[in-house]
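Participant: The file below is protein-v8.pdb, PDB, C-alpha atoms:
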```pdb
ATOM      1  CA  MET A  15     -16.987  -6.009  12.867
ATOM      2  CA  ARG A  16     -13.289  -6.824  12.583
ATOM      3  CA  LEU A  17     -10.566  -4.535  11.293
ATOM      4  CA  PHE A  18      -7.096  -5.799  10.392
ATOM      5  CA  LEU A  19      -3.997  -3.638  10.697
ATOM      6  CA  LEU A  20      -1.463  -5.580   8.642
ATOM      7  CA  PRO A  21       2.134  -4.329   8.350
ATOM      8  CA  ILE A  22       3.472  -5.085   4.868
ATOM      9  CA  SER A  23       6.915  -3.751   5.685
ATOM     10  CA  THR A  24       8.398  -2.059   8.724
ATOM     11  CA  ARG A  25       7.167   1.313   7.394
ATOM     12  CA  ARG A  26       3.993   0.526   5.427
ATOM     13  CA  THR A  27       0.706  -0.915   6.675
ATOM     14  CA  LEU A  28      -2.517  -2.158   5.091
ATOM     15  CA  ILE A  29      -5.871  -1.517   6.757
ATOM     16  CA  TYR A  30      -8.696  -3.893   5.919
ATOM     17  CA  CYS A  31     -12.298  -3.960   7.117
ATOM     18  CA  GLU A  32     -14.256  -7.179   7.184
ATOM     19  CA  ARG A  33     -17.350  -6.933   5.039
ATOM     20  CA  ALA A  34     -20.622  -7.000   6.905
ATOM     21  CA  PRO A  35     -22.714 -10.069   6.036
ATOM     22  CA  PRO A  36     -25.833  -9.261   4.041
ATOM     23  CA  LEU A  37     -28.939  -8.977   6.163
ATOM     24  CA  PRO A  38     -31.664 -11.543   5.516
ATOM     25  CA  SER A  39     -34.303 -10.065   3.264
ATOM     26  CA  THR A  40     -37.735  -9.757   4.837
ATOM     27  CA  SER A  41     -39.405  -8.222   1.823
ATOM     28  CA  THR A  42     -39.321  -8.187  -1.951
ATOM     29  CA  ALA A  43     -37.665  -4.740  -2.042
ATOM     30  CA  LYS A  44     -34.854  -4.396  -4.549
ATOM     31  CA  PRO A  45     -31.255  -3.801  -3.381
ATOM     32  CA  PRO A  46     -29.975  -0.208  -3.513
ATOM     33  CA  ILE A  47     -29.263   1.045  -7.020
ATOM     34  CA  SER A  48     -25.519   1.338  -6.291
ATOM     35  CA  GLU A  49     -25.375  -2.379  -5.441
ATOM     36  CA  ARG A  50     -27.326  -3.295  -8.565
ATOM     37  CA  ILE A  51     -24.974  -1.238 -10.762
ATOM     38  CA  ILE A  52     -21.901  -2.830  -9.190
ATOM     39  CA  ALA A  53     -23.359  -6.325  -9.586
ATOM     40  CA  LYS A  54     -24.192  -5.684 -13.246
ATOM     41  CA  ALA A  55     -20.741  -4.213 -13.940
ATOM     42  CA  SER A  56     -19.043  -7.190 -12.261
ATOM     43  CA  GLU A  57     -21.130  -9.623 -14.278
ATOM     44  CA  THR A  58     -20.299  -7.853 -17.545
ATOM     45  CA  TRP A  59     -16.588  -7.640 -16.698
ATOM     46  CA  ALA A  60     -16.451 -11.375 -15.887
ATOM     47  CA  LYS A  61     -18.187 -12.152 -19.199
ATOM     48  CA  TRP A  62     -15.651 -10.068 -21.124
ATOM     49  CA  GLU A  63     -12.763 -11.775 -19.297
ATOM     50  CA  ARG A  64     -13.985 -15.153 -20.555
ATOM     51  CA  ALA A  65     -13.838 -13.969 -24.173
ATOM     52  CA  GLU A  66     -11.009 -15.587 -26.160
ATOM     53  CA  LYS A  67     -10.216 -12.494 -28.236
ATOM     54  CA  GLY A  68     -11.584  -9.162 -29.375
ATOM     55  CA  TRP A  69     -11.691  -5.713 -27.827
ATOM     56  CA  GLN A  70     -13.564  -6.991 -24.763
ATOM     57  CA  LYS A  71     -10.697  -9.345 -23.903
ATOM     58  CA  GLN A  72      -8.033  -6.690 -24.514
ATOM     59  CA  LEU A  73      -9.981  -4.195 -22.428
ATOM     60  CA  THR A  74     -10.149  -6.552 -19.442
ATOM     61  CA  VAL A  75      -6.444  -7.396 -19.717
ATOM     62  CA  GLN A  76      -5.441  -3.733 -19.691
ATOM     63  CA  GLY A  77      -8.081  -2.936 -17.085
ATOM     64  CA  ASN A  78      -6.792  -5.583 -14.679
ATOM     65  CA  ARG A  79      -3.281  -4.178 -15.051
ATOM     66  CA  PHE A  80      -4.639  -0.752 -14.198
ATOM     67  CA  LEU A  81      -6.480  -2.084 -11.131
ATOM     68  CA  LYS A  82      -3.196  -3.447  -9.782
ATOM     69  CA  ARG A  83      -1.715   0.056  -9.924
ATOM     70  CA  ILE A  84      -4.408   1.637  -7.757
ATOM     71  CA  PRO A  85      -2.689   2.255  -4.386
ATOM     72  CA  TYR A  86      -3.326  -0.405  -1.783
ATOM     73  CA  GLU A  87      -4.155   2.360   0.712
ATOM     74  CA  GLU A  88      -7.146   3.292  -1.456
ATOM     75  CA  TRP A  89      -8.333  -0.325  -1.643
ATOM     76  CA  GLY A  90      -8.027  -0.609   2.127
ATOM     77  CA  LEU A  91     -10.199   2.444   2.802
ATOM     78  CA  LYS A  92     -12.724   1.231   0.213
ATOM     79  CA  SER A  93     -13.236  -1.917   2.277
ATOM     80  CA  PHE A  94     -15.031   0.223   4.909
ATOM     81  CA  PRO A  95     -18.709   1.112   4.642
ATOM     82  CA  PRO A  96     -19.116   4.756   3.540
ATOM     83  CA  GLY A  97     -19.146   7.116   6.518
ATOM     84  CA  THR A  98     -22.449   8.778   5.719
ATOM     85  CA  LYS A  99     -24.274  10.730   8.431
ATOM     86  CA  LYS A 100     -26.634   7.818   9.014
ATOM     87  CA  ARG A 101     -23.774   5.325   9.274
ATOM     88  CA  LEU A 102     -21.861   7.510  11.731
ATOM     89  CA  GLU A 103     -24.936   7.775  13.946
ATOM     90  CA  GLU A 104     -25.383   3.996  13.817
ATOM     91  CA  ALA A 105     -21.752   3.493  14.837
ATOM     92  CA  GLU A 106     -22.237   5.669  17.911
ATOM     93  CA  ARG A 107     -25.426   3.812  18.886
ATOM     94  CA  GLU A 108     -23.636   0.480  18.551
ATOM     95  CA  GLY A 109     -20.984   1.745  20.965
ATOM     96  CA  GLU A 110     -17.597   0.380  21.917
ATOM     97  CA  GLY A 111     -17.001  -3.315  21.338
ATOM     98  CA  LYS A 112     -18.724  -3.492  17.967
ATOM     99  CA  TRP A 113     -15.459  -2.736  16.167
ATOM    100  CA  GLU A 114     -12.309  -4.731  16.931
ATOM    101  CA  CYS A 115      -8.926  -4.077  15.305
ATOM    102  CA  LEU A 116      -6.451  -6.979  15.217
ATOM    103  CA  PHE A 117      -2.737  -6.477  14.584
ATOM    104  CA  PRO A 118       0.498  -8.529  14.977
ATOM    105  CA  GLY A 119       2.136  -6.849  17.953
ATOM    106  CA  ARG A 120       5.554  -8.509  17.610
ATOM    107  CA  PHE A 121       5.877  -7.231  14.020
ATOM    108  CA  PHE A 122       4.553  -3.771  14.709
ATOM    109  CA  GLY A 123       7.347  -1.373  15.664
ATOM    110  CA  ASP A 124       6.247   0.733  18.610
ATOM    111  CA  GLY A 125       8.515   3.713  17.863
ATOM    112  CA  GLY A 126       9.126   4.097  21.583
ATOM    113  CA  LYS A 127       5.415   3.847  22.423
ATOM    114  CA  GLY A 128       3.165   1.065  23.597
ATOM    115  CA  GLN A 129       2.008  -1.239  20.818
ATOM    116  CA  VAL A 130      -1.666  -0.373  21.220
ATOM    117  CA  GLU A 131      -0.923   3.358  21.233
ATOM    118  CA  ARG A 132       1.274   2.954  18.173
ATOM    119  CA  ALA A 133      -1.490   0.986  16.397
ATOM    120  CA  LYS A 134      -4.012   3.702  17.222
ATOM    121  CA  GLU A 135      -1.635   6.337  15.830
ATOM    122  CA  VAL A 136      -1.193   4.379  12.582
ATOM    123  CA  LEU A 137      -4.964   3.937  12.274
ATOM    124  CA  GLY A 138      -5.442   7.681  12.578
ATOM    125  CA  GLY A 139      -2.800   8.329   9.935
ATOM    126  CA  LEU A 140      -4.310   5.872   7.483
ATOM    127  CA  ALA A 141      -7.752   7.389   8.040
ATOM    128  CA  GLY A 142      -6.812  11.011   7.491
ATOM    129  CA  GLU A 143      -3.662  11.343   5.412
ATOM    130  CA  ARG A 144      -5.348  10.635   2.053
ATOM    131  CA  GLN A 145      -8.667  12.447   2.517
ATOM    132  CA  ALA A 146      -7.575  15.627   0.742
ATOM    133  CA  LEU A 147      -6.197  13.581  -2.167
ATOM    134  CA  HIS A 148      -9.390  11.550  -2.626
ATOM    135  CA  ARG A 149     -11.596  14.635  -2.329
ATOM    136  CA  LYS A 150      -9.589  16.462  -5.010
ATOM    137  CA  ARG A 151      -9.515  13.525  -7.421
ATOM    138  CA  LEU A 152     -13.189  12.793  -6.867
ATOM    139  CA  TRP A 153     -14.084  16.280  -8.093
ATOM    140  CA  TRP A 154     -11.670  16.095 -11.029
ATOM    141  CA  SER A 155     -13.292  12.816 -12.109
ATOM    142  CA  VAL A 156     -16.778  14.308 -11.832
ATOM    143  CA  LEU A 157     -15.779  17.414 -13.787
ATOM    144  CA  GLY A 158     -14.275  15.272 -16.532
ATOM    145  CA  MET A 159     -17.454  13.261 -17.146
ATOM    146  CA  PRO A 160     -19.244  15.894 -19.292
ATOM    147  CA  VAL A 161     -16.119  16.231 -21.420
ATOM    148  CA  THR A 162     -16.010  12.509 -22.213
ATOM    149  CA  ALA A 163     -19.782  12.036 -22.583
ATOM    150  CA  PRO A 164     -19.803  12.850 -26.361
ATOM    151  CA  PHE A 165     -17.657   9.751 -27.001
ATOM    152  CA  ALA A 166     -20.890   7.789 -26.554
ATOM    153  CA  LEU A 167     -21.751   8.834 -30.115
ATOM    154  CA  VAL A 168     -19.101   6.399 -31.388
ATOM    155  CA  PRO A 169     -21.180   3.262 -32.018
ATOM    156  CA  ILE A 170     -18.366   0.683 -32.208
ATOM    157  CA  ILE A 171     -17.307   0.364 -28.557
ATOM    158  CA  PRO A 172     -18.633   1.627 -25.214
ATOM    159  CA  ASN A 173     -17.598   5.053 -23.974
ATOM    160  CA  ILE A 174     -14.483   3.815 -22.138
ATOM    161  CA  PRO A 175     -13.184   7.265 -21.004
ATOM    162  CA  PHE A 176     -16.554   8.131 -19.472
ATOM    163  CA  PHE A 177     -16.910   4.810 -17.645
ATOM    164  CA  TYR A 178     -13.310   5.087 -16.442
ATOM    165  CA  LEU A 179     -14.063   8.463 -14.834
ATOM    166  CA  VAL A 180     -17.263   7.080 -13.318
ATOM    167  CA  PHE A 181     -15.311   4.209 -11.799
ATOM    168  CA  ARG A 182     -12.578   6.480 -10.452
ATOM    169  CA  ALA A 183     -15.114   8.924  -9.016
ATOM    170  CA  TYR A 184     -16.897   6.085  -7.208
ATOM    171  CA  SER A 185     -13.572   4.637  -6.034
ATOM    172  CA  HIS A 186     -12.410   7.967  -4.595
ATOM    173  CA  TYR A 187     -15.829   8.483  -2.994
ATOM    174  CA  ARG A 188     -15.609   5.108  -1.232
ATOM    175  CA  ALA A 189     -12.056   5.737  -0.068
ATOM    176  CA  LEU A 190     -12.901   9.259   1.129
ATOM    177  CA  TYR A 191     -15.966   8.218   3.108
ATOM    178  CA  GLY A 192     -14.369   5.002   4.299
ATOM    179  CA  GLY A 193     -11.656   7.182   5.814
ATOM    180  CA  LYS A 194     -14.310   9.410   7.369
ATOM    181  CA  LEU A 195     -15.887   6.409   9.093
ATOM    182  CA  LEU A 196     -12.521   5.204  10.394
ATOM    183  CA  SER A 197     -11.653   8.704  11.662
ATOM    184  CA  HIS A 198     -15.019   8.893  13.440
ATOM    185  CA  LEU A 199     -14.529   5.504  15.090
ATOM    186  CA  ILE A 200     -11.103   6.518  16.364
ATOM    187  CA  SER A 201     -12.156   9.975  17.577
ATOM    188  CA  LYS A 202     -15.079   8.478  19.510
ATOM    189  CA  ASP A 203     -12.889   5.680  20.889
ATOM    190  CA  LEU A 204     -15.183   3.029  19.435
ATOM    191  CA  VAL A 205     -12.427   0.649  18.269
ATOM    192  CA  THR A 206     -11.040  -2.058  20.545
ATOM    193  CA  ILE A 207      -7.410  -2.547  19.460
ATOM    194  CA  THR A 208      -6.140  -6.066  20.150
ATOM    195  CA  ASP A 209      -2.692  -7.608  19.802
ATOM    196  CA  SER A 210      -3.333 -10.901  17.974
ATOM    197  CA  PRO A 211      -1.047 -13.875  18.809
ATOM    198  CA  GLU A 212      -2.558 -15.673  15.810
ATOM    199  CA  LEU A 213      -1.321 -12.953  13.443
ATOM    200  CA  ASP A 214       2.101 -13.041  15.153
ATOM    201  CA  SER A 215       2.267 -16.768  14.430
ATOM    202  CA  LEU A 216       1.204 -16.353  10.786
ATOM    203  CA  TYR A 217       3.730 -13.581  10.197
ATOM    204  CA  ALA A 218       6.558 -15.587  11.770
ATOM    205  CA  ALA A 219       5.659 -18.675   9.732
ATOM    206  CA  GLY A 220       5.741 -16.605   6.552
ATOM    207  CA  LEU A 221       9.300 -15.472   7.333
ATOM    208  CA  LEU A 222      10.524 -18.873   8.551
ATOM    209  CA  HIS A 223       9.417 -20.899   5.511
ATOM    210  CA  PRO A 224      10.237 -20.429   1.805
ATOM    211  CA  HIS A 225       6.762 -21.042   0.378
ATOM    212  CA  ARG A 226       3.124 -21.702   1.258
ATOM    213  CA  ASP A 227       3.222 -25.523   1.145
ATOM    214  CA  ALA A 228       6.186 -25.632   3.527
ATOM    215  CA  SER A 229       4.353 -23.344   5.921
ATOM    216  CA  ARG A 230       1.184 -25.454   5.779
ATOM    217  CA  GLY A 231       3.045 -28.641   6.672
ATOM    218  CA  ALA A 232       5.233 -27.164   9.397
ATOM    219  CA  PRO A 233       4.393 -26.983  13.109
ATOM    220  CA  LYS A 234       3.076 -23.714  14.452
ATOM    221  CA  PRO A 235       5.948 -21.388  15.470
ATOM    222  CA  THR A 236       6.672 -21.285  19.181
ATOM    223  CA  SER A 237       6.778 -18.084  21.199
ATOM    224  CA  THR A 238      10.578 -18.278  21.212
ATOM    225  CA  GLN A 239      10.721 -18.605  17.419
ATOM    226  CA  ILE A 240       8.323 -15.683  16.959
ATOM    227  CA  GLU A 241      10.496 -13.547  19.253
ATOM    228  CA  GLN A 242      13.660 -14.535  17.377
ATOM    229  CA  VAL A 243      12.152 -13.740  13.972
ATOM    230  CA  ALA A 244      10.931 -10.366  15.226
ATOM    231  CA  ARG A 245      14.437  -9.549  16.521
ATOM    232  CA  VAL A 246      15.985 -10.484  13.173
ATOM    233  CA  VAL A 247      13.575  -8.165  11.356
ATOM    234  CA  GLU A 248      14.363  -5.362  13.791
ATOM    235  CA  ALA A 249      18.102  -5.873  13.259
ATOM    236  CA  GLN A 250      17.681  -5.733   9.473
ATOM    237  CA  THR A 251      16.225  -2.229   9.743
ATOM    238  CA  HIS A 252      19.564  -0.957  11.151
ATOM    239  CA  GLY A 253      17.864   1.117  13.799
ATOM    240  CA  GLY A 254      14.905   2.090  11.637
ATOM    241  CA  LYS A 255      17.018   3.325   8.717
ATOM    242  CA  GLU A 256      15.963   0.535   6.328
ATOM    243  CA  ASP A 257      12.474  -0.528   5.252
ATOM    244  CA  VAL A 258      12.179  -4.315   5.495
ATOM    245  CA  MET A 259       9.402  -6.583   4.205
ATOM    246  CA  VAL A 260       7.592  -8.522   6.948
ATOM    247  CA  LEU A 261       4.791 -10.089   4.897
ATOM    248  CA  GLN A 262       5.203 -12.501   1.982
ATOM    249  CA  ARG A 263       2.832 -12.431  -0.971
ATOM    250  CA  TRP A 264       2.008 -16.138  -0.688
ATOM    251  CA  ASN A 265       1.212 -15.722   3.009
ATOM    252  CA  GLY A 266      -1.873 -13.632   2.192
ATOM    253  CA  LYS A 267      -3.846 -16.761   1.355
ATOM    254  CA  LEU A 268      -2.987 -18.386   4.699
ATOM    255  CA  ILE A 269      -4.039 -15.288   6.643
ATOM    256  CA  ALA A 270      -7.278 -15.033   4.665
ATOM    257  CA  GLU A 271      -8.026 -18.720   5.257
ATOM    258  CA  ARG A 272      -7.314 -18.495   8.975
ATOM    259  CA  PHE A 273      -9.809 -15.664   9.471
ATOM    260  CA  LYS A 274     -12.261 -17.026   6.863
ATOM    261  CA  LEU A 275     -12.052 -13.905   4.703
ATOM    262  CA  PRO A 276     -11.235 -15.067   1.144
ATOM    263  CA  GLU A 277     -11.575 -11.573  -0.320
ATOM    264  CA  MET A 278      -8.706 -10.369   1.918
ATOM    265  CA  GLU A 279      -6.198 -12.519   0.024
ATOM    266  CA  MET A 280      -6.255 -10.300  -3.048
ATOM    267  CA  GLU A 281      -5.883  -7.137  -0.966
ATOM    268  CA  ILE A 282      -2.795  -8.508   0.789
ATOM    269  CA  GLU A 283      -1.186  -9.780  -2.421
ATOM    270  CA  ARG A 284      -1.772  -6.434  -4.156
ATOM    271  CA  ALA A 285      -0.300  -4.493  -1.234
ATOM    272  CA  VAL A 286       2.765  -6.738  -0.973
ATOM    273  CA  GLU A 287       3.461  -6.447  -4.696
ATOM    274  CA  GLN A 288       3.234  -2.643  -4.604
ATOM    275  CA  VAL A 289       5.416  -2.281  -1.501
ATOM    276  CA  GLU A 290       8.052  -4.644  -2.924
ATOM    277  CA  LYS A 291       8.300  -2.448  -6.024
ATOM    278  CA  VAL A 292       8.570   0.725  -3.938
ATOM    279  CA  ILE A 293      11.338  -0.710  -1.738
ATOM    280  CA  GLU A 294      13.252  -1.968  -4.769
ATOM    281  CA  LYS A 295      12.946   1.433  -6.448
ATOM    282  CA  GLU A 296      14.197   3.171  -3.314
ATOM    283  CA  ARG A 297      17.121   0.726  -3.093
ATOM    284  CA  VAL A 298      18.151   1.386  -6.696
ATOM    285  CA  GLU A 299      17.868   5.148  -6.221
ATOM    286  CA  LEU A 300      19.972   4.967  -3.043
ATOM    287  CA  GLU A 301      22.663   2.940  -4.820
ATOM    288  CA  ASP A 302      22.699   5.407  -7.720
ATOM    289  CA  GLU A 303      23.041   8.276  -5.249
ATOM    290  CA  LYS A 304      25.946   6.548  -3.493
ATOM    291  CA  ARG A 305      27.717   5.983  -6.811
ATOM    292  CA  GLU A 306      27.277   9.632  -7.712
ATOM    293  CA  VAL A 307      28.731  10.697  -4.357
ATOM    294  CA  MET A 308      31.689   8.343  -4.797
ATOM    295  CA  ARG A 309      32.365   9.621  -8.329
ATOM    296  CA  ALA A 310      32.158  13.214  -7.144
ATOM    297  CA  ALA A 311      34.511  12.454  -4.230
ATOM    298  CA  ALA A 312      36.979  10.694  -6.560
ATOM    299  CA  ALA A 313      36.918  13.603  -9.009
ATOM    300  CA  GLU A 314      37.434  16.102  -6.195
ATOM    301  CA  GLY A 315      40.326  14.029  -4.844
ATOM    302  CA  GLY A 316      41.924  13.936  -8.297
ATOM    303  CA  ARG A 317      41.689  17.700  -8.668
ATOM    304  CA  ALA A 318      43.169  18.233  -5.194
ATOM    305  CA  ALA A 319      46.085  15.899  -5.963
ATOM    306  CA  SER A 320      46.729  17.657  -9.266
ATOM    307  CA  MET A 321      46.744  21.073  -7.624
ATOM    308  CA  SER A 322      49.053  19.831  -4.860
ATOM    309  CA  SER A 323      51.474  18.378  -7.414
ATOM    310  CA  GLY A 324      51.450  21.586  -9.448
ATOM    311  CA  ALA A 325      52.131  23.713  -6.386
ATOM    312  CA  SER A 326      55.120  21.637  -5.256
ATOM    313  CA  THR A 327      56.895  21.453  -8.643
ATOM    314  CA  PRO A 328      58.327  25.055  -8.808
ATOM    315  CA  SER A 329      59.970  24.775  -5.395
ATOM    316  CA  ALA A 330      62.021  21.821  -6.598
ATOM    317  CA  GLU A 331      63.542  23.759  -9.536
ATOM    318  CA  PRO A 332      66.685  25.836  -8.929
ATOM    319  CA  LYS A 333      66.414  29.548  -9.421
ATOM    320  CA  ARG A 334      67.726  30.996 -12.666
ATOM    321  CA  GLU A 335      70.212  33.255 -10.939
ATOM    322  CA  ASP A 336      71.586  30.340  -8.961
ATOM    323  CA  VAL A 337      72.277  28.392 -12.145
ATOM    324  CA  ALA A 338      73.784  31.363 -13.915
ATOM    325  CA  ASN A 339      75.904  32.410 -10.902
ATOM    326  CA  PRO A 340      76.851  29.268  -8.984
ATOM    327  CA  ASP A 341      79.478  31.180  -6.925
ATOM    328  CA  ILE A 342      77.045  33.634  -5.409
ATOM    329  CA  LYS A 343      77.139  33.308  -1.663
ATOM    330  CA  ARG A 344      73.845  33.097   0.129
TER     331      ARG A 344
END
```
What's the structure tokens form of this structure?
Facilitator:
Amino acid sequence: MRLFLLPISTRRTLIYCERAPPLPSTSTAKPPISERIIAKASETWAKWERAEKGWQKQLTVQGNRFLKRIPYEEWGLKSFPPGTKKRLEEAEREGEGKWECLFPGRFFGDGGKGQVERAKEVLGGLAGERQALHRKRLWWSVLGMPVTAPFALVPIIPNIPFFYLVFRAYSHYRALYGGKLLSHLISKDLVTITDSPELDSLYAAGLLHPHRDASRGAPKPTSTQIEQVARVVEAQTHGGKEDVMVLQRWNGKLIAERFKLPEMEMEIERAVEQVEKVIEKERVELEDEKREVMRAAAAEGGRAASMSSGASTPSAEPKREDVANPDIKR
């Protein structure tokens, strides 16, 4: 199974796990209840989206806006199968070589380390840094369900608060146990981490061309061009002080097409949009901070000049006794 470690900017990375193909059914057994619930919910949501007006349409519009605000890190961990005890045992039986992690080495800052070691370090961080958060919010969502359950007595619309908490509880559960599986794979050294020249080429093309159509029609970047683009990105960070975008939103579709993973397109586009907003917010805050420092420095300089002027004025005035007695010898 393939994993993709995709840097969105020079400081932020998306992890994505390829979905396992469904096994051919050899019996008439029904799918697990969780899969049936998800399929039914997806079918209902799609039906409501097709509505021209009404509360169903408004609910899907607002709901889709909310889905875009869920952190891309959570979506990435949810792409993994849950790390249940059975799944962890299966992963160990499958052994090394079953899991391969691809990443664009030329656009993956090594921080003074080898690229593979740096990729392994980032994988470990993505797997573990959010586990406490997802565990906490999972329990808060579960505890809130009994509080919202009485809203089901309102006959006009479904119990939206209750279903929201159910969705968030399931989402945090998937992210939490997806992270557990990734942590287990790394700790047991079951992931083969591979620098992908194909991803290097796709990243360079996304930075060389202004839009998707231009990239499609252009020749594949050469090794020299890829190296030059990577050096430009590195220079723009000013020695790691600045966070610079390395992945374009429109390039997500090309990456997804190249690896035949259409569902990955949405994950990339969502991550790029979120990171762009974060970088822009940080830029505005930094500019505001600089202006405040400059205003404070200007005000301090004005006060210092005023005090200096006030201190020098008395020394320029003649003493009263000198004016009254001009003939006094000194």
Participant: Measure the distance from CA of Ala146 (chain A) to CA of Pro95 (chain A) in Å and round it to one decimal.
Facilitator: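 Calculated distance between CA of Ala146 (chain A) and CA of Pro95 (chain A) is 18.7 Å.
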Participant: List as an MDAnalysis selection string the protein and nucleic acid residues near Ile29 (chain A), meaning an atom at most 12 Å away when all atoms listed in the file are counted, but skip any in the same chain fewer than 6 places from it.
Facilitator: chainID A and resid 16:22 86:94 115:117 133:134 136:141 189 192:193 196 278 281:282 285
Participant: The PyMOL selection byres ((chain A and resi 239-244) around 8) - which residues does that actually catch in the file I just gave you? List them as a PDB file with C-alpha atoms, in the frame of the given file.
Facilitator:
```
ATOM      1  CA  ARG A 120       5.554  -8.509  17.610  1.00  0.00           C
ATOM      2  CA  PHE A 121       5.877  -7.231  14.020  1.00  0.00           C
ATOM      3  CA  ASP A 214       2.101 -13.041  15.153  1.00  0.00           C
ATOM      4  CA  SER A 215       2.267 -16.768  14.430  1.00  0.00           C
ATOM      5  CA  ALA A 218       6.558 -15.587  11.770  1.00  0.00           C
ATOM      6  CA  LEU A 221       9.300 -15.472   7.333  1.00  0.00           C
ATOM      7  CA  LEU A 222      10.524 -18.873   8.551  1.00  0.00           C
ATOM      8  CA  PRO A 235       5.948 -21.388  15.470  1.00  0.00           C
ATOM      9  CA  THR A 236       6.672 -21.285  19.181  1.00  0.00           C
ATOM     10  CA  SER A 237       6.778 -18.084  21.199  1.00  0.00           C
ATOM     11  CA  THR A 238      10.578 -18.278  21.212  1.00  0.00           C
ATOM     12  CA  ARG A 245      14.437  -9.549  16.521  1.00  0.00           C
ATOM     13  CA  VAL A 246      15.985 -10.484  13.173  1.00  0.00           C
ATOM     14  CA  VAL A 247      13.575  -8.165  11.356  1.00  0.00           C
ATOM     15  CA  GLU A 248      14.363  -5.362  13.791  1.00  0.00           C
TER      16      GLU A 248
END
```
Participant: Set the distance at 10 Å and use all atoms listed in the file: which residues neighbour region 223-232 of chain A once local chain neighbours fewer than 4 positions away are removed? I'd like the list as a PDB file with C-alpha atoms, in the frame of the given file.
Facilitator:
```pdb
ATOM      1  CA  LEU A 216       1.204 -16.353  10.786  1.00  0.00           C
ATOM      2  CA  ALA A 218       6.558 -15.587  11.770  1.00  0.00           C
ATOM      3  CA  ALA A 219       5.659 -18.675   9.732  1.00  0.00           C
ATOM      4  CA  GLN A 262       5.203 -12.501   1.982  1.00  0.00           C
ATOM      5  CA  ARG A 263       2.832 -12.431  -0.971  1.00  0.00           C
ATOM      6  CA  TRP A 264       2.008 -16.138  -0.688  1.00  0.00           C
ATOM      7  CA  ASN A 265       1.212 -15.722   3.009  1.00  0.00           C
ATOM      8  CA  GLY A 266      -1.873 -13.632   2.192  1.00  0.00           C
ATOM      9  CA  LYS A 267      -3.846 -16.761   1.355  1.00  0.00           C
ATOM     10  CA  LEU A 268      -2.987 -18.386   4.699  1.00  0.00           C
TER      11      LEU A 268
END
```
Participant: Pick the closest to Gly158 (chain A) from A:Gln76, A:Glu135, A:Glu108, A:Ala183: which is it, counting only C-alpha atoms?
Facilitator: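 Closest residue, counting only C-alpha atoms: A:Ala183.
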Participant: For the atom pair CA of Glu114 (chain A) and CA of Met280 (chain A), what is the interatomic distance in Å to one decimal place?
Facilitator: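 Spanning CA of Glu114 (chain A) to CA of Met280 (chain A) is a straight-line distance of 21.6 Å.
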Participant: Wanna dump the region 142-233 of chain A-region 77-82 of chain A contacts at 12 Å for me, each residue with its shortest atom pair and the distance in Å to one decimal, counting all atoms listed in the file, ordered by chain and number, as a tab-separated table?
Facilitator:
```
residue	atom	partner	partner_atom	distance
A:Ile174	CA	A:Gly77	CA	10.6
A:Phe177	CA	A:Gly77	CA	11.8
A:Tyr178	CA	A:Gly77	CA	9.6
A:Phe181	CA	A:Leu81	CA	10.9
A:Arg182	CA	A:Leu81	CA	10.5
A:Ser185	CA	A:Leu81	CA	11.0
```
Participant: Which is closest to Thr208 (chain A) among A:Gly316, A:Pro276, A:Gly253, A:Pro118, if we use all atoms listed in the file?
Facilitator: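 Among the listed residues, the smallest separation from Thr208 (chain A) belongs to A:Pro118.
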Participant: Hey, can you check how far CA of Tyr184 (chain A) sits from CA of Leu152 (chain A)?
Facilitator: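 Interatomic distance, CA of Tyr184 (chain A) to CA of Leu152 (chain A): 7.7 Å.
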Participant: Taking every listed atom of region 78-84 of chain A and adding 5 Å to each side, what centre and edge lengths in Å (one decimal) does the axis-aligned box have, as AutoDock Vina command-line options?
Facilitator:
```
--center_x -4.3 --center_y -2.0 --center_z -11.4 --size_x 15.1 --size_y 17.2 --size_z 17.3
```
Participant: In terms of the shortest atom-to-atom distance over all atoms listed in the file, which of A:Arg25, A:Met15, A:Leu199, A:Glu131 is closest to Lys255 (chain A)?
Facilitator: A:Arg25
Participant: If you count only C-alpha atoms, which residues fall within 9 Å of Leu204 (chain A), apart from same-chain ones fewer than 4 positions away, as a ChimeraX atom specification?
Facilitator: /A:105-106,108-114,198-200
Participant: Counting all atoms listed in the file, which of A:Gly119, A:Gln72, A:Ala319, A:Arg297 gets nearest to Arg132 (chain A)?
Facilitator: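 Checking each candidate against Arg132 (chain A), we get A:Gly119 as the closest.
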Participant: Out of A:Ala60, A:Cys31, A:Leu190, A:Val75, which residue has the shortest atom-to-atom distance to Thr98 (chain A) when counting all atoms listed in the file?
Facilitator: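 That would be A:Leu190, the residue with the smallest distance to Thr98 (chain A).
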Participant: What would the selection look like, as a PDB file with C-alpha atoms, keeping the file's coordinate frame, if the PyMOL selection byres ((chain A and resi 288-292) around 8) were run on the coordinates I just shared?
Facilitator:
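New file part_13.pdb:
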```
ATOM      1  CA  ILE A  22       3.472  -5.085   4.868  1.00  0.00           C
ATOM      2  CA  SER A  23       6.915  -3.751   5.685  1.00  0.00           C
ATOM      3  CA  ARG A  26       3.993   0.526   5.427  1.00  0.00           C
ATOM      4  CA  ARG A  83      -1.715   0.056  -9.924  1.00  0.00           C
ATOM      5  CA  PRO A  85      -2.689   2.255  -4.386  1.00  0.00           C
ATOM      6  CA  TYR A  86      -3.326  -0.405  -1.783  1.00  0.00           C
ATOM      7  CA  MET A 259       9.402  -6.583   4.205  1.00  0.00           C
ATOM      8  CA  ARG A 284      -1.772  -6.434  -4.156  1.00  0.00           C
ATOM      9  CA  ALA A 285      -0.300  -4.493  -1.234  1.00  0.00           C
ATOM     10  CA  VAL A 286       2.765  -6.738  -0.973  1.00  0.00           C
ATOM     11  CA  GLU A 287       3.461  -6.447  -4.696  1.00  0.00           C
ATOM     12  CA  ILE A 293      11.338  -0.710  -1.738  1.00  0.00           C
ATOM     13  CA  GLU A 294      13.252  -1.968  -4.769  1.00  0.00           C
ATOM     14  CA  LYS A 295      12.946   1.433  -6.448  1.00  0.00           C
ATOM     15  CA  GLU A 296      14.197   3.171  -3.314  1.00  0.00           C
TER      16      GLU A 296
END
```
